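Asks: Just my_file-v4.txt, nothing more (compact mmCIF, C-alpha atoms):
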```
# COMPACT_ATOMS: atom_id res chain seq x y z
CA MET A 1 -3.71 15.93 5.97
CA LYS A 2 -1.63 15.39 2.87
CA TRP A 3 1.03 12.70 2.50
CA GLU A 4 3.79 15.29 2.71
CA ASP A 5 2.45 16.41 6.11
CA PHE A 6 3.73 13.11 7.53
CA VAL A 7 7.27 13.76 6.31
CA PRO A 8 9.73 15.98 8.23
CA LEU A 9 10.33 19.17 6.26
CA GLU A 10 14.11 18.76 6.21
CA THR A 11 13.66 15.24 4.79
CA LEU A 12 11.34 16.52 2.08
CA GLU A 13 13.81 19.21 1.08
CA ALA A 14 16.77 16.81 1.05
CA TYR A 15 14.94 14.34 -1.19
CA ARG A 16 13.71 17.11 -3.50
CA LYS A 17 17.31 18.22 -3.93
CA LEU A 18 18.40 14.66 -4.67
CA TYR A 19 15.80 14.50 -7.44
CA GLU A 20 16.93 17.83 -8.89
CA ASP A 21 20.54 16.59 -8.89
CA THR A 22 19.64 13.40 -10.78
CA SER A 23 20.24 13.32 -14.53
CA GLU A 24 18.14 11.34 -16.98
CA ARG A 25 21.43 10.08 -18.43
CA GLU A 26 21.89 7.97 -15.29
CA THR A 27 18.79 5.88 -15.99
CA ARG A 28 19.43 2.15 -15.99
CA ASP A 29 18.30 -0.20 -18.74
CA GLU A 30 15.88 -2.11 -16.50
CA ILE A 31 14.10 1.14 -15.63
CA LEU A 32 13.82 2.10 -19.30
CA LYS A 33 12.24 -1.30 -19.97
CA ASP A 34 9.85 -1.19 -17.02
CA VAL A 35 8.43 2.32 -17.41
CA PRO A 36 6.32 1.46 -20.51
CA ARG A 37 5.12 -1.70 -18.73
CA THR A 38 4.03 0.47 -15.83
CA LEU A 39 1.39 2.19 -17.91
CA SER A 40 0.04 -1.10 -19.25
CA GLY A 41 -0.12 -2.51 -15.71
CA LEU A 42 -2.22 0.47 -14.67
CA SER A 43 -4.35 0.41 -17.81
CA ASP A 44 -7.62 0.16 -15.88
CA ASP A 45 -7.03 3.73 -14.66
CA SER A 46 -8.00 6.07 -17.50
CA PHE A 47 -5.67 8.74 -16.08
CA PHE A 48 -2.66 6.83 -17.38
CA ASP A 49 -4.16 6.66 -20.86
CA ARG A 50 -3.70 10.44 -21.00
CA TRP A 51 -0.19 10.54 -19.56
CA PRO A 52 2.01 12.86 -21.65
CA PRO A 53 5.49 11.68 -22.70
CA GLU A 54 7.16 14.05 -20.24
CA SER A 55 5.43 12.25 -17.33
CA THR A 56 6.94 8.98 -18.53
CA ARG A 57 10.38 10.58 -18.48
CA THR A 58 9.66 12.00 -15.03
CA LEU A 59 8.77 8.54 -13.74
CA ALA A 60 12.06 7.17 -15.09
CA ARG A 61 13.94 9.99 -13.39
CA ILE A 62 12.16 9.31 -10.06
CA LEU A 63 13.14 5.65 -10.21
CA THR A 64 16.69 6.59 -11.17
CA ALA A 65 16.99 8.95 -8.21
CA GLY A 66 15.69 6.13 -6.06
CA THR A 67 18.56 3.89 -7.13
CA ARG A 68 20.99 6.59 -5.99
CA LEU A 69 19.37 6.59 -2.56
CA PHE A 70 18.84 2.91 -1.82
CA GLY A 71 21.23 1.34 -4.28
CA GLU A 72 18.94 -0.71 -6.46
CA TYR A 73 15.73 -0.80 -8.46
CA LYS A 74 13.22 -3.62 -8.13
CA GLN A 75 10.13 -4.37 -10.20
CA GLY A 76 7.05 -3.14 -8.39
CA MET A 77 8.63 0.13 -7.31
CA ASN A 78 7.59 1.55 -10.68
CA PHE A 79 3.88 1.12 -9.91
CA VAL A 80 4.20 2.75 -6.50
CA ALA A 81 6.11 5.70 -7.95
CA ALA A 82 3.60 6.10 -10.79
CA VAL A 83 0.63 6.26 -8.42
CA ILE A 84 2.38 8.81 -6.21
CA LEU A 85 3.25 10.90 -9.29
CA ARG A 86 -0.37 10.72 -10.41
CA GLU A 87 -1.49 12.14 -7.06
CA LYS A 88 1.43 14.58 -6.73
CA PRO A 89 2.34 15.95 -10.20
CA HIS A 90 5.13 18.12 -8.78
CA ALA A 91 8.01 15.81 -9.61
CA PRO A 92 10.45 16.70 -6.78
CA THR A 93 7.68 16.24 -4.21
CA ALA A 94 6.54 12.98 -5.80
CA PHE A 95 10.10 11.66 -5.57
CA ALA A 96 10.45 12.87 -1.97
CA LEU A 97 7.32 10.94 -0.99
CA PHE A 98 8.45 7.84 -2.90
CA ALA A 99 11.89 8.01 -1.28
CA TYR A 100 10.45 8.50 2.20
CA LEU A 101 8.09 5.57 1.69
CA MET A 102 10.78 3.22 0.43
CA HIS A 103 13.78 4.34 2.48
CA ASP A 104 12.54 5.85 5.75
CA LEU A 105 9.40 3.71 6.13
CA ARG A 106 11.35 0.61 4.96
CA MET A 107 8.98 -0.44 2.18
CA LYS A 108 12.15 -1.30 0.24
CA ASP A 109 12.32 -4.35 2.53
CA LEU A 110 9.41 -5.85 0.57
CA TYR A 111 11.77 -6.72 -2.30
CA GLY A 112 14.38 -9.40 -2.82
CA ARG A 113 15.34 -11.77 -0.02
CA PRO A 114 13.48 -9.90 2.77
CA LEU A 115 10.23 -10.52 0.88
CA ALA A 116 10.49 -14.26 1.56
CA VAL A 117 10.58 -13.55 5.30
CA TYR A 118 7.61 -11.22 4.98
CA LEU A 119 5.63 -13.86 3.07
CA ALA A 120 6.30 -16.35 5.87
CA ARG A 121 5.06 -13.84 8.44
CA PHE A 122 1.99 -13.23 6.30
CA ALA A 123 1.23 -16.95 6.09
CA ALA A 124 1.48 -17.26 9.88
CA THR A 125 -0.73 -14.21 10.43
CA LEU A 126 -3.28 -15.46 7.91
CA SER A 127 -3.66 -18.79 9.72
CA VAL A 128 -4.52 -16.97 12.95
CA HIS A 129 -6.62 -14.03 11.76
CA ALA A 130 -8.28 -15.43 8.61
CA PRO A 131 -8.53 -19.20 9.24
CA ARG A 132 -11.42 -19.74 6.83
CA ALA A 133 -9.62 -18.10 3.91
CA ASP A 134 -6.39 -19.79 4.94
CA GLY A 135 -8.11 -23.18 4.91
CA CYS A 136 -9.52 -22.62 1.42
CA LEU A 137 -6.17 -21.50 0.05
CA ARG A 138 -4.29 -24.41 1.65
CA ARG A 139 -6.83 -26.89 0.33
CA LEU A 140 -6.11 -25.66 -3.19
CA ASP A 141 -2.33 -25.32 -2.65
CA PHE A 142 -2.66 -21.66 -3.59
CA GLU A 143 0.29 -20.35 -1.59
CA PRO A 144 1.06 -16.67 -0.85
CA GLN A 145 3.82 -16.45 -3.47
CA TYR A 146 1.16 -16.90 -6.18
CA TYR A 147 -0.68 -13.70 -5.26
CA ALA A 148 0.92 -11.77 -2.39
CA VAL A 149 4.22 -11.01 -4.14
CA GLU A 150 2.36 -8.62 -6.43
CA TRP A 151 0.37 -7.22 -3.50
CA PHE A 152 3.44 -6.39 -1.44
CA SER A 153 5.92 -5.38 -4.15
CA ALA A 154 3.47 -2.92 -5.72
CA LEU A 155 1.82 -2.01 -2.40
CA PHE A 156 -1.55 -3.13 -3.82
CA CYS A 157 -1.47 -0.33 -6.44
CA ILE A 158 -2.30 -2.72 -9.30
CA SER A 159 -4.32 -5.27 -7.33
CA VAL A 160 -7.24 -3.41 -5.70
CA PRO A 161 -9.59 -0.56 -6.66
CA LYS A 162 -8.07 2.91 -6.77
CA LEU A 163 -9.69 4.29 -3.60
CA LEU A 164 -8.54 1.32 -1.53
CA SER A 165 -5.00 1.52 -2.90
CA LEU A 166 -4.80 5.21 -1.93
CA ALA A 167 -6.16 4.47 1.52
CA ILE A 168 -3.49 1.81 1.96
CA LEU A 169 -0.82 4.38 1.15
CA ASP A 170 -2.45 6.68 3.73
CA LEU A 171 -1.98 4.03 6.40
CA VAL A 172 1.64 3.47 5.42
CA PHE A 173 2.44 7.19 5.59
CA ALA A 174 0.59 7.36 8.92
CA ARG A 175 2.99 4.67 10.19
CA ILE A 176 0.32 2.09 10.99
CA PRO A 177 2.55 -0.90 11.85
CA ASP A 178 2.77 -3.65 9.24
CA THR A 179 0.20 -2.06 6.95
CA PRO A 180 0.81 -4.39 3.94
CA LEU A 181 0.55 -7.52 6.10
CA ARG A 182 -2.55 -6.23 7.89
CA VAL A 183 -4.27 -5.26 4.65
CA ALA A 184 -3.49 -8.57 2.95
CA THR A 185 -4.92 -10.50 5.87
CA GLY A 186 -7.92 -8.23 6.27
CA LEU A 187 -8.68 -8.35 2.57
CA LEU A 188 -8.79 -12.15 2.57
CA ARG A 189 -11.08 -12.09 5.60
CA THR A 190 -13.64 -10.19 3.53
CA LEU A 191 -13.55 -12.46 0.45
CA ASP A 192 -15.57 -15.64 -0.06
CA LEU A 193 -13.19 -18.22 -1.54
CA SER A 194 -15.33 -21.29 -0.84
CA SER A 195 -16.61 -21.60 -4.41
CA PHE A 196 -13.19 -22.43 -5.84
CA ALA A 197 -12.75 -26.15 -6.43
CA THR A 198 -9.34 -26.49 -8.10
CA PHE A 199 -5.97 -24.78 -8.21
CA ASP A 200 -6.46 -23.91 -11.89
CA GLU A 201 -9.79 -22.26 -11.15
CA ILE A 202 -8.53 -20.04 -8.35
CA ALA A 203 -5.35 -19.21 -10.29
CA LEU A 204 -7.52 -17.97 -13.16
CA ARG A 205 -10.18 -16.12 -11.18
CA PHE A 206 -8.50 -14.93 -7.98
CA LYS A 207 -7.08 -11.68 -9.32
CA PRO A 208 -10.32 -10.53 -11.02
CA LEU A 209 -12.23 -11.47 -7.85
CA VAL A 210 -10.04 -9.21 -5.73
CA ARG A 211 -10.40 -6.33 -8.18
CA ALA A 212 -14.18 -6.73 -8.30
CA LYS A 213 -15.03 -7.58 -4.70
CA ALA A 214 -12.47 -5.72 -2.57
CA ASN A 215 -14.57 -3.32 -0.54
CA ALA A 216 -12.52 -0.47 0.90
CA PRO A 217 -14.29 0.09 4.26
CA ASP A 218 -14.66 -3.63 4.98
CA ALA A 219 -11.07 -4.44 4.00
CA LEU A 220 -9.59 -1.57 6.01
CA LEU A 221 -11.62 -2.29 9.12
CA ALA A 222 -10.66 -5.95 8.93
CA ALA A 223 -7.02 -4.93 8.42
CA LEU A 224 -7.00 -2.70 11.49
CA ASP A 225 -8.36 -5.61 13.52
CA VAL A 226 -5.29 -7.73 12.71
CA HIS A 227 -2.57 -7.99 15.35
CA THR A 228 1.01 -8.50 14.16
CA ASP A 229 4.41 -8.93 15.77
CA ALA A 230 5.65 -5.56 14.49
CA ASP A 231 8.41 -3.89 16.45
CA LEU A 232 6.40 -0.68 16.69
CA PRO A 233 3.74 -0.54 19.42
CA SER A 234 0.52 -2.19 18.28
CA PRO A 235 -2.85 -2.80 19.97
CA LYS A 236 -3.89 -6.04 21.57
CA PRO A 237 -6.01 -8.19 19.22
CA LEU A 238 -9.73 -7.59 19.51
CA ALA A 239 -11.94 -10.41 20.72
CA ARG A 240 -14.21 -9.89 17.73
CA PRO A 241 -14.19 -7.87 14.47
CA LEU A 242 -14.90 -4.15 14.71
CA SER A 243 -18.63 -3.49 14.61
CA ARG A 244 -20.47 -0.40 13.39
CA SER A 245 -21.43 0.47 16.99
CA ALA A 246 -17.82 0.15 18.08
CA LEU A 247 -16.80 2.45 15.26
CA ASP A 248 -19.46 4.96 16.29
CA ASP A 249 -18.04 4.98 19.82
CA SER A 250 -14.50 5.33 18.51
CA ALA A 251 -15.47 8.11 16.12
CA SER A 252 -17.27 10.01 18.89
CA SER A 253 -14.28 9.79 21.16
CA THR A 254 -11.84 10.96 18.47
CA ARG A 255 -13.80 13.96 17.19
CA PRO A 256 -12.31 16.35 19.79
CA ALA A 257 -8.86 14.96 19.02
CA ARG A 258 -9.01 16.39 15.51
CA ALA A 259 -9.10 19.89 16.96
CA ALA A 260 -6.90 19.23 20.00
CA SER A 261 -4.91 16.29 21.28
CA SER A 262 -6.77 13.78 23.43
CA SER A 263 -5.59 11.15 25.89
CA SER A 264 -8.55 8.81 25.38
CA SER A 265 -7.75 5.16 24.86
CA SER A 266 -9.62 4.95 21.57
CA ALA A 267 -7.37 7.64 20.07
CA SER A 268 -4.40 5.31 20.46
CA SER A 269 -5.88 2.56 18.27
CA PRO A 270 -4.81 2.23 14.62
CA ALA A 271 -8.35 3.02 13.41
CA ALA A 272 -8.63 6.17 15.52
CA ALA A 273 -5.09 7.28 14.69
CA ALA A 274 -5.64 6.90 10.96
CA ALA A 275 -9.01 8.66 11.12
CA ALA A 276 -7.59 11.54 13.12
CA LYS A 277 -4.66 12.02 10.75
CA GLY A 278 -6.86 12.24 7.68
CA GLY A 279 -6.32 11.36 4.04
CA HIS A 280 -8.18 8.90 1.83
CA PHE A 281 -8.82 6.62 4.80
CA ASP A 282 -10.43 9.50 6.69
CA TRP A 283 -12.89 9.91 3.81
CA ILE A 284 -13.84 6.25 4.02
CA PHE A 285 -14.06 6.33 7.80
CA ASN A 286 -16.32 9.37 7.88
CA ASP A 287 -18.50 8.02 5.07
CA LEU A 288 -18.97 4.80 7.00
CA VAL A 289 -19.73 6.01 10.50
CA PHE A 290 -21.29 9.45 10.30
```
Kindly transcribe the structure held in the file into structure tokens.
Replies:
Amino acid sequence: MKWEDFVPLETLEAYRKLYEDTSERETRDEILKDVPRTLSGLSDDSFFDRWPPESTRTLARILTAGTRLFGEYKQGMNFVAAVILREKPHAPTAFALFAYLMHDLRMKDLYGRPLAVYLARFAATLSVHAPRADGCLRRLDFEPQYYAVEWFSALFCISVPKLLSLAILDLVFARIPDTPLRVATGLLRTLDLSSFATFDEIALRFKPLVRAKANAPDALLAALDVHTDADLPSPKPLARPLSRSALDDSASSTRPARAASSSSSSASSPAAAAAAKGGHFDWIFNDLVF
């Protein structure tokens, strides 16, 4: 399935119209300043090296239309919009997906004052589900605001390899509860932080380590094993991390569900739901278990 398949058709059409009704003359100064920085922040993706000038103007217009919908622009939204535009070059559709993500799926709550609350929830979740990583980070006084603000505000688009960042967006569109919090916790569960001895060392090397060592299947499986206090229904925490054999069982039970709906218990788990709905995560899931 494509991202737009998760969005009600009437919502897509309404947001496309909002984009078409938005003039470039409405663009705010902070957006004009941030759009060039967007390309430099995504410089490790050669696609953006070839971006024509009209795509830069389109990105500014998408962000401007966003301010009309949810009232403000925050740094980090530019990276999310740019990645969606890269994947969906049709500008009205790219804006519709960006608007649905930010407004309807409440990703706009990862900016400003609500972000502080989310960081506190992340810290609490980390201590329960990734105690080894949490212990290393606490020992070095490397608190979530030093690294997770970028993760959450840009939805990992500039912090992890491309395939993983797209899979994360898949999970958000598929309405997996608390996807950013789950992924952040799961990612840290897969990283070895024990070699860092000082705050200065981890501050210098943490970001390159994440870019180099973040493994998409491992991080996503660990993320889907994290239980949060999300308002939406979520599974009970597993007694142990998902194993390959458990995934094989889950995959076997969900194969019929891709052709017809199934009432099996495994199909109700986040892993099975994401695999059944498709997208970049489905590619990773199938590559791992079949």
Asks: I want to know what sits within 12 Å of Leu12 of chain A, based on all atoms listed in the file, with residues of the same chain fewer than 6 positions away left out; could you give that as a PyMOL selection string?
Replies: chain A and resi 3-6+18-19+92-101+104
Asks: Using all atoms listed in the file, pick whichever of A:Asp109, A:Asp192, A:Glu26, A:Glu150 has the shortest atom-to-atom distance to Phe79 of chain A.
Replies: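 Using all atoms listed in the file, Phe79 of chain A sits closest to A:Glu150.
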Asks: As an exercise, work out the distance from atom CA of Val183 of chain A to atom CA of Ser159 of chain A in Å and give it to one decimal place.
Replies: 12.0 Å
Asks: Near Ile62 of chain A, within 12 Å and counting all atoms listed in the file, which residues show up once chain neighbours fewer than 5 positions away are dropped, as a PyMOL selection string?
Replies: chain A and resi 15-24+26-28+31-32+35+55-57+67-69+73+77-82+84-85+89-99
Asks: Calculate how many Å separate atom CA of Val117 of chain A from atom CA of Ala212 of chain A, rounding to one decimal.
Replies: 29.1 Å
Asks: What separation in Å, quoted to one decimal, exists between atom CA of Leu188 of chain A and atom CA of Ala219 of chain A?
Replies: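 A separation of 8.2 Å between them.
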